[in-house]
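Source file: my_file-v2.txt. Holds: compact mmCIF, C-alpha atoms.
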```txt
# COMPACT_ATOMS: atom_id res chain seq x y z
CA MET A 1 -8.37 6.73 -9.57
CA ARG A 2 -11.24 6.23 -7.13
CA ILE A 3 -10.69 3.03 -5.16
CA PHE A 4 -13.15 1.26 -2.88
CA VAL A 5 -11.22 -0.65 -0.20
CA ALA A 6 -13.10 -3.39 1.66
CA GLY A 7 -11.30 -4.27 4.89
CA ALA A 8 -9.77 -0.80 4.99
CA THR A 9 -8.91 -0.87 8.70
CA GLY A 10 -7.58 -4.44 8.85
CA ALA A 11 -3.98 -5.53 9.18
CA ILE A 12 -3.17 -4.72 5.55
CA GLY A 13 -5.80 -2.03 5.01
CA ARG A 14 -4.35 0.28 7.65
CA HIS A 15 -1.08 0.31 5.68
CA LEU A 16 -2.69 0.23 2.23
CA VAL A 17 -5.01 3.23 2.56
CA PRO A 18 -2.24 5.77 3.34
CA LEU A 19 -0.18 4.43 0.42
CA LEU A 20 -3.10 4.87 -1.96
CA VAL A 21 -3.80 8.38 -0.67
CA GLN A 22 -0.11 9.23 -0.99
CA ASP A 23 -0.23 8.11 -4.63
CA GLY A 24 -3.05 10.56 -5.29
CA HIS A 25 -5.98 8.13 -5.36
CA ASP A 26 -9.43 9.03 -4.07
CA VAL A 27 -10.01 6.32 -1.46
CA VAL A 28 -13.30 5.14 -0.01
CA GLY A 29 -12.69 2.70 2.82
CA ALA A 30 -15.29 0.29 4.19
CA THR A 31 -15.22 -0.61 7.87
CA ARG A 32 -17.61 -2.14 10.38
CA THR A 33 -17.21 0.40 13.20
CA PRO A 34 -17.59 4.15 13.73
CA GLU A 35 -14.07 4.16 15.17
CA GLY A 36 -12.85 2.71 11.88
CA VAL A 37 -14.55 5.53 9.98
CA GLU A 38 -12.70 8.05 12.15
CA ARG A 39 -9.37 6.32 11.52
CA LEU A 40 -9.98 6.39 7.78
CA HIS A 41 -10.75 10.10 7.87
CA ALA A 42 -7.47 10.63 9.72
CA MET A 43 -5.69 8.74 6.91
CA GLY A 44 -7.15 11.12 4.31
CA ALA A 45 -9.81 8.70 3.04
CA GLN A 46 -13.59 8.65 3.13
CA GLY A 47 -14.99 6.09 5.55
CA VAL A 48 -18.15 4.05 5.03
CA LEU A 49 -19.85 1.83 7.61
CA LEU A 50 -20.47 -1.53 5.96
CA ASP A 51 -21.03 -5.20 6.74
CA VAL A 52 -19.75 -7.03 3.68
CA LEU A 53 -22.15 -9.91 4.40
CA ASP A 54 -25.06 -7.51 3.78
CA ALA A 55 -25.45 -7.96 0.02
CA GLU A 56 -27.85 -5.06 -0.47
CA GLY A 57 -25.69 -2.78 1.65
CA VAL A 58 -22.61 -3.64 -0.42
CA VAL A 59 -24.46 -2.88 -3.66
CA ARG A 60 -25.62 0.48 -2.27
CA ALA A 61 -22.13 1.45 -1.11
CA VAL A 62 -20.34 0.49 -4.31
CA THR A 63 -22.94 1.95 -6.69
CA GLU A 64 -23.08 5.18 -4.68
CA HIS A 65 -19.33 5.76 -4.85
CA ARG A 66 -18.77 4.43 -8.39
CA PRO A 67 -15.12 3.47 -7.95
CA ASP A 68 -12.69 2.69 -10.74
CA ALA A 69 -11.44 -0.32 -8.78
CA VAL A 70 -12.40 -2.47 -5.82
CA MET A 71 -9.76 -3.71 -3.39
CA HIS A 72 -10.73 -6.76 -1.34
CA GLN A 73 -8.64 -7.03 1.83
CA LEU A 74 -11.25 -8.75 3.98
CA THR A 75 -10.56 -11.45 6.55
CA SER A 76 -12.24 -12.66 9.72
CA LEU A 77 -9.36 -13.71 11.94
CA ALA A 78 -10.13 -12.26 15.36
CA ALA A 79 -11.64 -15.50 16.62
CA GLY A 80 -9.21 -17.69 14.70
CA SER A 81 -12.07 -19.57 13.03
CA PRO A 82 -11.42 -21.05 9.54
CA ALA A 83 -15.20 -21.27 9.04
CA ASP A 84 -15.69 -17.54 9.70
CA ASN A 85 -12.85 -16.68 7.37
CA ALA A 86 -14.20 -18.99 4.66
CA ARG A 87 -17.61 -17.34 4.94
CA ILE A 88 -16.07 -13.91 4.36
CA ARG A 89 -14.20 -15.27 1.35
CA ILE A 90 -17.29 -16.93 -0.10
CA GLU A 91 -20.16 -14.58 0.73
CA GLY A 92 -18.21 -11.35 1.10
CA THR A 93 -16.38 -11.81 -2.19
CA ARG A 94 -19.61 -12.73 -3.96
CA ASN A 95 -21.25 -9.56 -2.69
CA LEU A 96 -18.31 -7.37 -3.72
CA VAL A 97 -18.13 -8.86 -7.21
CA ASP A 98 -21.89 -8.59 -7.75
CA ALA A 99 -21.83 -4.98 -6.55
CA ALA A 100 -18.90 -4.19 -8.85
CA LYS A 101 -20.86 -5.56 -11.79
CA ARG A 102 -23.89 -3.46 -10.87
CA ALA A 103 -21.70 -0.36 -10.70
CA ASP A 104 -19.84 -1.16 -13.95
CA VAL A 105 -16.54 -1.59 -12.11
CA SER A 106 -14.21 -3.76 -14.18
CA ARG A 107 -11.13 -3.91 -11.93
CA ILE A 108 -10.56 -5.79 -8.67
CA VAL A 109 -7.53 -6.71 -6.55
CA ALA A 110 -8.22 -9.38 -3.95
CA GLN A 111 -6.42 -10.99 -1.03
CA SER A 112 -5.78 -14.74 -1.15
CA ILE A 113 -3.14 -17.00 0.46
CA SER A 114 0.03 -18.72 -0.70
CA TRP A 115 -0.36 -21.92 1.37
CA ALA A 116 -3.36 -23.25 -0.55
CA TYR A 117 -1.29 -25.24 -3.06
CA ARG A 118 -1.37 -29.01 -3.48
CA PRO A 119 1.26 -30.96 -1.49
CA ASP A 120 4.55 -31.37 -3.34
CA THR A 121 8.24 -30.66 -2.93
CA GLY A 122 9.78 -27.22 -3.24
CA PRO A 123 8.21 -23.74 -3.14
CA ALA A 124 4.97 -23.44 -5.14
CA GLY A 125 4.62 -21.22 -8.17
CA GLU A 126 1.41 -19.71 -9.48
CA HIS A 127 1.17 -22.45 -12.13
CA ASN A 128 0.87 -25.12 -9.45
CA PRO A 129 -2.68 -26.37 -8.68
CA LEU A 130 -4.55 -25.57 -5.51
CA ASP A 131 -5.14 -28.32 -2.98
CA VAL A 132 -8.72 -28.97 -4.10
CA ASN A 133 -8.81 -32.51 -2.72
CA ALA A 134 -7.76 -31.54 0.80
CA ALA A 135 -9.53 -33.25 3.68
CA LEU A 136 -11.20 -31.42 6.54
CA PRO A 137 -10.40 -29.18 8.30
CA ARG A 138 -8.10 -27.79 5.56
CA ALA A 139 -10.89 -28.25 2.99
CA THR A 140 -12.80 -25.40 4.66
CA THR A 141 -9.97 -22.97 3.94
CA ILE A 142 -9.37 -24.24 0.41
CA GLY A 143 -13.09 -24.06 -0.39
CA GLY A 144 -13.13 -20.43 0.64
CA ILE A 145 -10.09 -19.66 -1.50
CA GLN A 146 -11.56 -21.44 -4.53
CA ALA A 147 -14.79 -19.47 -4.22
CA LEU A 148 -12.94 -16.17 -3.80
CA GLU A 149 -10.59 -16.63 -6.74
CA SER A 150 -13.36 -17.91 -9.02
CA ALA A 151 -15.66 -14.98 -8.23
CA VAL A 152 -12.92 -12.39 -8.68
CA ALA A 153 -12.10 -13.81 -12.12
CA GLU A 154 -15.57 -12.83 -13.31
CA LEU A 155 -14.44 -9.22 -13.63
CA PRO A 156 -12.50 -8.23 -16.77
CA ARG A 157 -9.46 -7.00 -14.82
CA HIS A 158 -8.59 -9.10 -11.79
CA VAL A 159 -5.47 -9.73 -9.75
CA VAL A 160 -5.37 -12.23 -6.88
CA LEU A 161 -2.61 -11.63 -4.34
CA ARG A 162 -1.61 -14.90 -2.72
CA TYR A 163 -0.04 -13.51 0.41
CA GLY A 164 2.38 -15.39 2.57
CA THR A 165 1.84 -15.62 6.32
CA LEU A 166 1.44 -12.03 7.44
CA TYR A 167 3.56 -10.57 10.21
CA GLY A 168 3.98 -7.06 11.51
CA PRO A 169 1.68 -4.66 13.41
CA GLY A 170 -1.84 -5.96 13.88
CA THR A 171 -1.01 -9.59 13.05
CA TRP A 172 -0.76 -12.76 15.12
CA PHE A 173 3.06 -12.47 14.97
CA ALA A 174 3.31 -8.99 16.50
CA PRO A 175 4.51 -8.53 20.10
CA GLY A 176 1.70 -9.53 22.43
CA GLY A 177 -0.10 -11.43 19.68
CA LEU A 178 -1.32 -14.99 19.33
CA MET A 179 2.06 -16.46 18.42
CA ALA A 180 3.70 -14.94 21.48
CA ALA A 181 1.01 -16.59 23.57
CA LYS A 182 1.61 -19.92 21.85
CA LEU A 183 5.34 -19.68 22.40
CA ALA A 184 4.81 -18.94 26.07
CA VAL A 185 3.04 -22.28 26.56
CA GLY A 186 5.09 -24.33 24.10
CA GLN A 187 2.35 -24.66 21.47
CA LEU A 188 4.29 -23.47 18.40
CA PRO A 189 6.09 -26.49 16.93
CA ALA A 190 9.57 -25.98 15.47
CA ASN A 191 9.20 -28.77 12.92
CA ASP A 192 9.97 -29.38 9.23
CA GLY A 193 6.88 -27.67 7.80
CA VAL A 194 7.90 -24.86 5.42
CA SER A 195 6.27 -21.41 5.46
CA SER A 196 6.60 -18.25 3.40
CA PHE A 197 6.13 -14.91 5.13
CA VAL A 198 5.42 -11.32 4.14
CA HIS A 199 5.43 -8.15 6.23
CA VAL A 200 2.08 -6.31 6.14
CA GLN A 201 3.72 -3.15 4.77
CA ASP A 202 5.19 -5.12 1.87
CA ALA A 203 1.81 -6.78 1.33
CA ALA A 204 0.16 -3.36 1.11
CA GLN A 205 2.77 -2.11 -1.35
CA ALA A 206 2.09 -5.10 -3.59
CA ALA A 207 -1.62 -4.25 -3.60
CA VAL A 208 -0.86 -0.74 -4.84
CA LEU A 209 1.32 -2.09 -7.64
CA ALA A 210 -1.27 -4.72 -8.55
CA LEU A 211 -3.63 -2.02 -9.83
CA LYS A 212 -1.46 -2.04 -12.96
CA TRP A 213 -0.64 -5.76 -13.17
CA PRO A 214 -2.03 -8.26 -15.70
CA ASN A 215 -4.80 -10.65 -14.69
CA GLY A 216 -4.23 -13.68 -12.52
CA PRO A 217 -2.73 -14.86 -9.23
CA VAL A 218 0.61 -13.62 -7.88
CA ASN A 219 2.48 -14.97 -4.85
CA ILE A 220 3.35 -12.13 -2.48
CA VAL A 221 5.96 -13.70 -0.22
CA ASP A 222 9.46 -12.86 0.92
CA ASP A 223 12.63 -14.36 -0.54
CA GLU A 224 13.17 -17.12 2.02
CA PRO A 225 10.72 -20.00 2.45
CA ALA A 226 11.82 -21.77 5.61
CA PRO A 227 11.00 -24.71 7.87
CA ALA A 228 9.57 -23.92 11.27
CA HIS A 229 12.69 -25.20 13.02
CA ALA A 230 14.54 -22.29 11.35
CA TRP A 231 12.06 -19.42 11.81
CA VAL A 232 10.45 -20.26 15.16
CA PRO A 233 13.64 -19.63 17.22
CA VAL A 234 14.15 -16.29 15.41
CA LEU A 235 10.58 -15.26 16.15
CA ALA A 236 10.95 -16.35 19.77
CA GLN A 237 14.06 -14.23 20.17
CA ALA A 238 12.38 -11.22 18.57
CA LEU A 239 9.39 -11.56 20.91
CA GLY A 240 11.45 -12.30 24.01
CA SER A 241 9.80 -15.69 24.39
CA PRO A 242 11.22 -19.14 25.12
CA SER A 243 12.10 -21.16 22.04
CA PRO A 244 10.69 -24.68 21.78
CA GLY A 245 12.86 -27.66 21.01
CA VAL A 246 13.23 -28.80 17.43
CA SER A 247 10.80 -31.48 16.28
CA SER A 248 10.14 -33.41 13.09
CA GLY A 249 7.11 -33.64 10.83
CA GLY A 250 5.01 -31.20 8.86
CA ALA A 251 2.19 -31.39 6.32
CA GLY A 252 2.89 -31.93 2.62
CA TRP A 253 1.28 -28.63 1.73
CA GLU A 254 3.68 -26.76 4.02
CA ARG A 255 6.08 -26.12 1.15
CA GLY A 256 6.40 -22.32 0.91
CA ALA A 257 5.94 -20.28 -2.25
CA ASP A 258 8.06 -18.66 -4.95
CA ASN A 259 7.96 -14.86 -5.47
CA SER A 260 9.68 -14.67 -8.88
CA LEU A 261 6.57 -13.39 -10.66
CA ALA A 262 5.98 -10.55 -8.21
CA ARG A 263 9.66 -9.61 -8.33
CA SER A 264 9.54 -9.55 -12.14
CA ARG A 265 6.65 -7.06 -11.95
CA GLY A 266 8.61 -4.59 -9.84
CA TRP A 267 7.66 -5.57 -6.31
CA GLN A 268 10.64 -5.01 -4.00
CA PRO A 269 9.87 -5.91 -0.39
CA GLU A 270 11.41 -3.75 2.30
CA HIS A 271 11.73 -6.91 4.37
CA PRO A 272 13.07 -9.58 1.99
CA SER A 273 13.43 -12.10 4.83
CA TRP A 274 11.71 -12.90 8.09
CA ARG A 275 15.22 -13.19 9.60
CA THR A 276 15.45 -9.41 9.88
CA GLY A 277 11.74 -8.64 9.56
CA PHE A 278 10.61 -10.34 12.77
CA GLY A 279 12.80 -8.00 14.79
CA ALA A 280 11.43 -4.91 13.03
CA GLN A 281 7.74 -5.40 13.75
CA GLY A 282 7.44 -2.49 16.17
```
Would you mind writing the file's structure down as structure tokens?
Amino acid sequence: MRIFVAGATGAIGRHLVPLLVQDGHDVVGATRTPEGVERLHAMGAQGVLLDVLDAEGVVRAVTEHRPDAVMHQLTSLAAGSPADNARIRIEGTRNLVDAAKRADVSRIVAQSISWAYRPDTGPAGEHNPLDVNAALPRATTIGGIQALESAVAELPRHVVLRYGTLYGPGTWFAPGGLMAAKLAVGQLPANDGVSSFVHVQDAAQAAVLALKWPNGPVNIVDDEPAPAHAWVPVLAQALGSPSPGVSSGGAGWERGADNSLARSRGWQPEHPSWRTGFGAQG
């Protein structure tokens, strides 16, 4: 299968592309830098320089390569701006879907998030509604997710991967990353808010499997949703940082997510819990 990967050199893409190549797929990876093109060639893929916000450029790239499937692994997290990330999800997704239609591509796998559900108790399943009535600033993130998932559903074959909080190489949770910096100055609260995590390698593996999954959203999270007062000290120890004191509080939407559907479809994470995964980030 020929697969066009947008975000091919990002945190997930750098793990995903080699897996696709290993499985015998013909991979075309889109990246914004010449260095990214070189990295993709080293992975055994074809690299294409592309700004996903350039609608005409996206149409040219996708129609030229005529893939069998598009993989959307785009984010804009370097500056930590929810508005930048929402723009990628809204405009970038729109451009990819429109280009896929122009090129008669019927299949797409796209990256979403598992913490966009409405506040409630217990881990969220895919049947639970998104938090569409969220107030700002959360509304910016939810609006981007709504636009992404709605656009993706326009293609006949579509899978939305609602990833948990990513950790591993190239993420905010890696050694020397943003979370280490926050821990160093006591800005990572160990409160009652519940998160679900997923290692980037396990996230990439799910994307490969999703090429054969039925339509719809799937939570891609590990087996152990946990409050921050449980996981923050473990992360601190793994990163060699001081652990903050335990505090109370947490937003209603910080409820974690359930991975039963992904497990039922054959996804078996190498890191089933952050308890061991944080220490194996490399």
If we count all atoms listed in the file and set the cut-off at 9 Å, which residues sit around A:His271, ignoring sequence neighbours fewer than 3 positions away in its own chain? Please answer as an mmCIF file with C-alpha atoms, in the frame of the given file.
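Now in part.cif:
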```cif
data_model
loop_
_atom_site.group_PDB
_atom_site.id
_atom_site.type_symbol
_atom_site.label_atom_id
_atom_site.label_comp_id
_atom_site.auth_asym_id
_atom_site.auth_seq_id
_atom_site.Cartn_x
_atom_site.Cartn_y
_atom_site.Cartn_z
ATOM 1 C CA VAL A 198 5.420 -11.320 4.140
ATOM 2 C CA HIS A 199 5.430 -8.150 6.230
ATOM 3 C CA GLN A 201 3.720 -3.150 4.770
ATOM 4 C CA ASP A 202 5.190 -5.120 1.870
ATOM 5 C CA ASP A 222 9.460 -12.860 0.920
ATOM 6 C CA ASP A 223 12.630 -14.360 -0.540
ATOM 7 C CA GLN A 268 10.640 -5.010 -4.000
ATOM 8 C CA TRP A 274 11.710 -12.900 8.090
ATOM 9 C CA ARG A 275 15.220 -13.190 9.600
ATOM 10 C CA THR A 276 15.450 -9.410 9.880
ATOM 11 C CA GLY A 277 11.740 -8.640 9.560
ATOM 12 C CA ALA A 280 11.430 -4.910 13.030
#
```
For this session: Compare A:Ser114, A:Thr171, A:Thr121, A:Asn215 by their minimum atom-to-atom distance to A:Thr75, counting only C-alpha atoms, and give me the closest one.
Result: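 Of A:Ser114, A:Thr171, A:Thr121, A:Asn215, the one nearest A:Thr75 is A:Thr171, counting only C-alpha atoms.
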For this session: Record the distance separating atom CA of A:Pro227 and atom CA of A:Ser264, expressed in Å with one decimal.
Result: 25.1 Å
Exercise. Within 8 Å of A:Ala180, counting only C-alpha atoms, which residues qualify if same-chain residues fewer than 6 places away don't, as a list of chain:residue names?
Worked result: A:Phe173, A:Ala174, A:Ala236, A:Leu239, A:Ser241
Those residues with C-alpha atoms, as a short mmCIF file (atom, residue, chain, number, x, y, z; two decimals), keeping the file's coordinate frame please?
```cif
data_model
loop_
_atom_site.label_atom_id
_atom_site.label_comp_id
_atom_site.auth_asym_id
_atom_site.auth_seq_id
_atom_site.Cartn_x
_atom_site.Cartn_y
_atom_site.Cartn_z
CA PHE A 173 3.06 -12.47 14.97
CA ALA A 174 3.31 -8.99 16.50
CA ALA A 236 10.95 -16.35 19.77
CA LEU A 239 9.39 -11.56 20.91
CA SER A 241 9.80 -15.69 24.39
#
```
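Atom CA of A:Val185 sits 20.9 Å away from atom CA of A:Gly279.
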For this session: Find the residue from A:Pro123, A:Pro175, A:Ala6, A:Leu155 that sits nearest to A:Gly92; use all atoms listed in the file when measuring.
Result: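 The closest residue to A:Gly92 is A:Ala6.
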For this session: Could you tell me which of A:Leu188, A:Ala257, A:Val221, A:Glu35 comes closest to A:Pro244 if we count only C-alpha atoms?
Result: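 So, comparing all the options, the nearest one is A:Leu188.
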Exercise. Atom CA of A:Gln73 and atom CA of A:Ala226 are how many Å apart?
Worked result: 25.5 Å
Exercise. Which residues come within 9 Å of A:Thr141, counting all atoms listed in the file, excluding same-chain residues fewer than 2 positions away, as a list in words?
Worked result: Pro82, Ala83, Asn85, Ala86, Ala116, Leu136, Pro137, Arg138, Ala139, Gly143, Gly144, Ile145 and Gln146 of chain A
Exercise. Which residue gives the smallest distance to A:Thr63 among A:Gly29, A:Val152, A:Ala99, A:Gly249, with all atoms listed in the file counted?
Worked result: A:Ala99
Exercise. Nearest to A:Val21: which of A:Arg107, A:Arg60, A:Arg39, A:Arg2 is it, counting all atoms listed in the file?
Worked result: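 Using all atoms listed in the file, the shortest distance to A:Val21 belongs to A:Arg2.
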Centre and edge lengths, as AutoDock Vina command-line options, for the axis-aligned box enclosing every listed atom of stretch 156-173 of chain A with 3 Å of padding on each of the six sides, in Å to one decimal?
```
--center_x -4.3 --center_y -10.1 --center_z -0.8 --size_x 22.5 --size_y 17.0 --size_z 37.9
```
For this session: Anything within 6 Å of (5.6, -31.0, 0.9): list those residues as a list in words, counting all atoms listed in the file and sticking to the file's coordinates.
Result: Pro119, Asp120, Thr121, Gly252, Trp253, Glu254 and Arg255 of chain A
Problem set entry | A:Gln205, A:Ser243, A:Asn219, A:Gln237 ranked by distance to A:Gln187, top pick (using all atoms listed in the file) | A:Ser243
For this session: In the coordinates of the file, take the point (-19.9, 0.7, -5.6) and a cut-off of 9 Å; then, counting all atoms listed in the file, name each qualifying protein, DNA or RNA residue as a PyMOL selection string.
Result: chain A and resi 4+58-67+70+96+99-105
Excluding A:Val218 and residues on its chain fewer than 4 positions from it, collect all residues at most 7 Å away from it, counting only C-alpha atoms, and give them as a short mmCIF file (atom, residue, chain, number, x, y, z; two decimals) with C-alpha atoms, in the coordinates of the input.
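Written output follows (result_7.cif):
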```cif
data_model
loop_
_atom_site.label_atom_id
_atom_site.label_comp_id
_atom_site.auth_asym_id
_atom_site.auth_seq_id
_atom_site.Cartn_x
_atom_site.Cartn_y
_atom_site.Cartn_z
CA GLU A 126 1.41 -19.71 -9.48
CA VAL A 160 -5.37 -12.23 -6.88
CA LEU A 161 -2.61 -11.63 -4.34
CA ARG A 162 -1.61 -14.90 -2.72
CA LEU A 261 6.57 -13.39 -10.66
CA ALA A 262 5.98 -10.55 -8.21
#
```
Exercise. Leaving out A:Leu49 and any residue of its chain fewer than 3 positions from it, which residues lie within 7 Å of it when counting only C-alpha atoms, given as a ChimeraX atom specification?
Worked result: /A:30-34,37
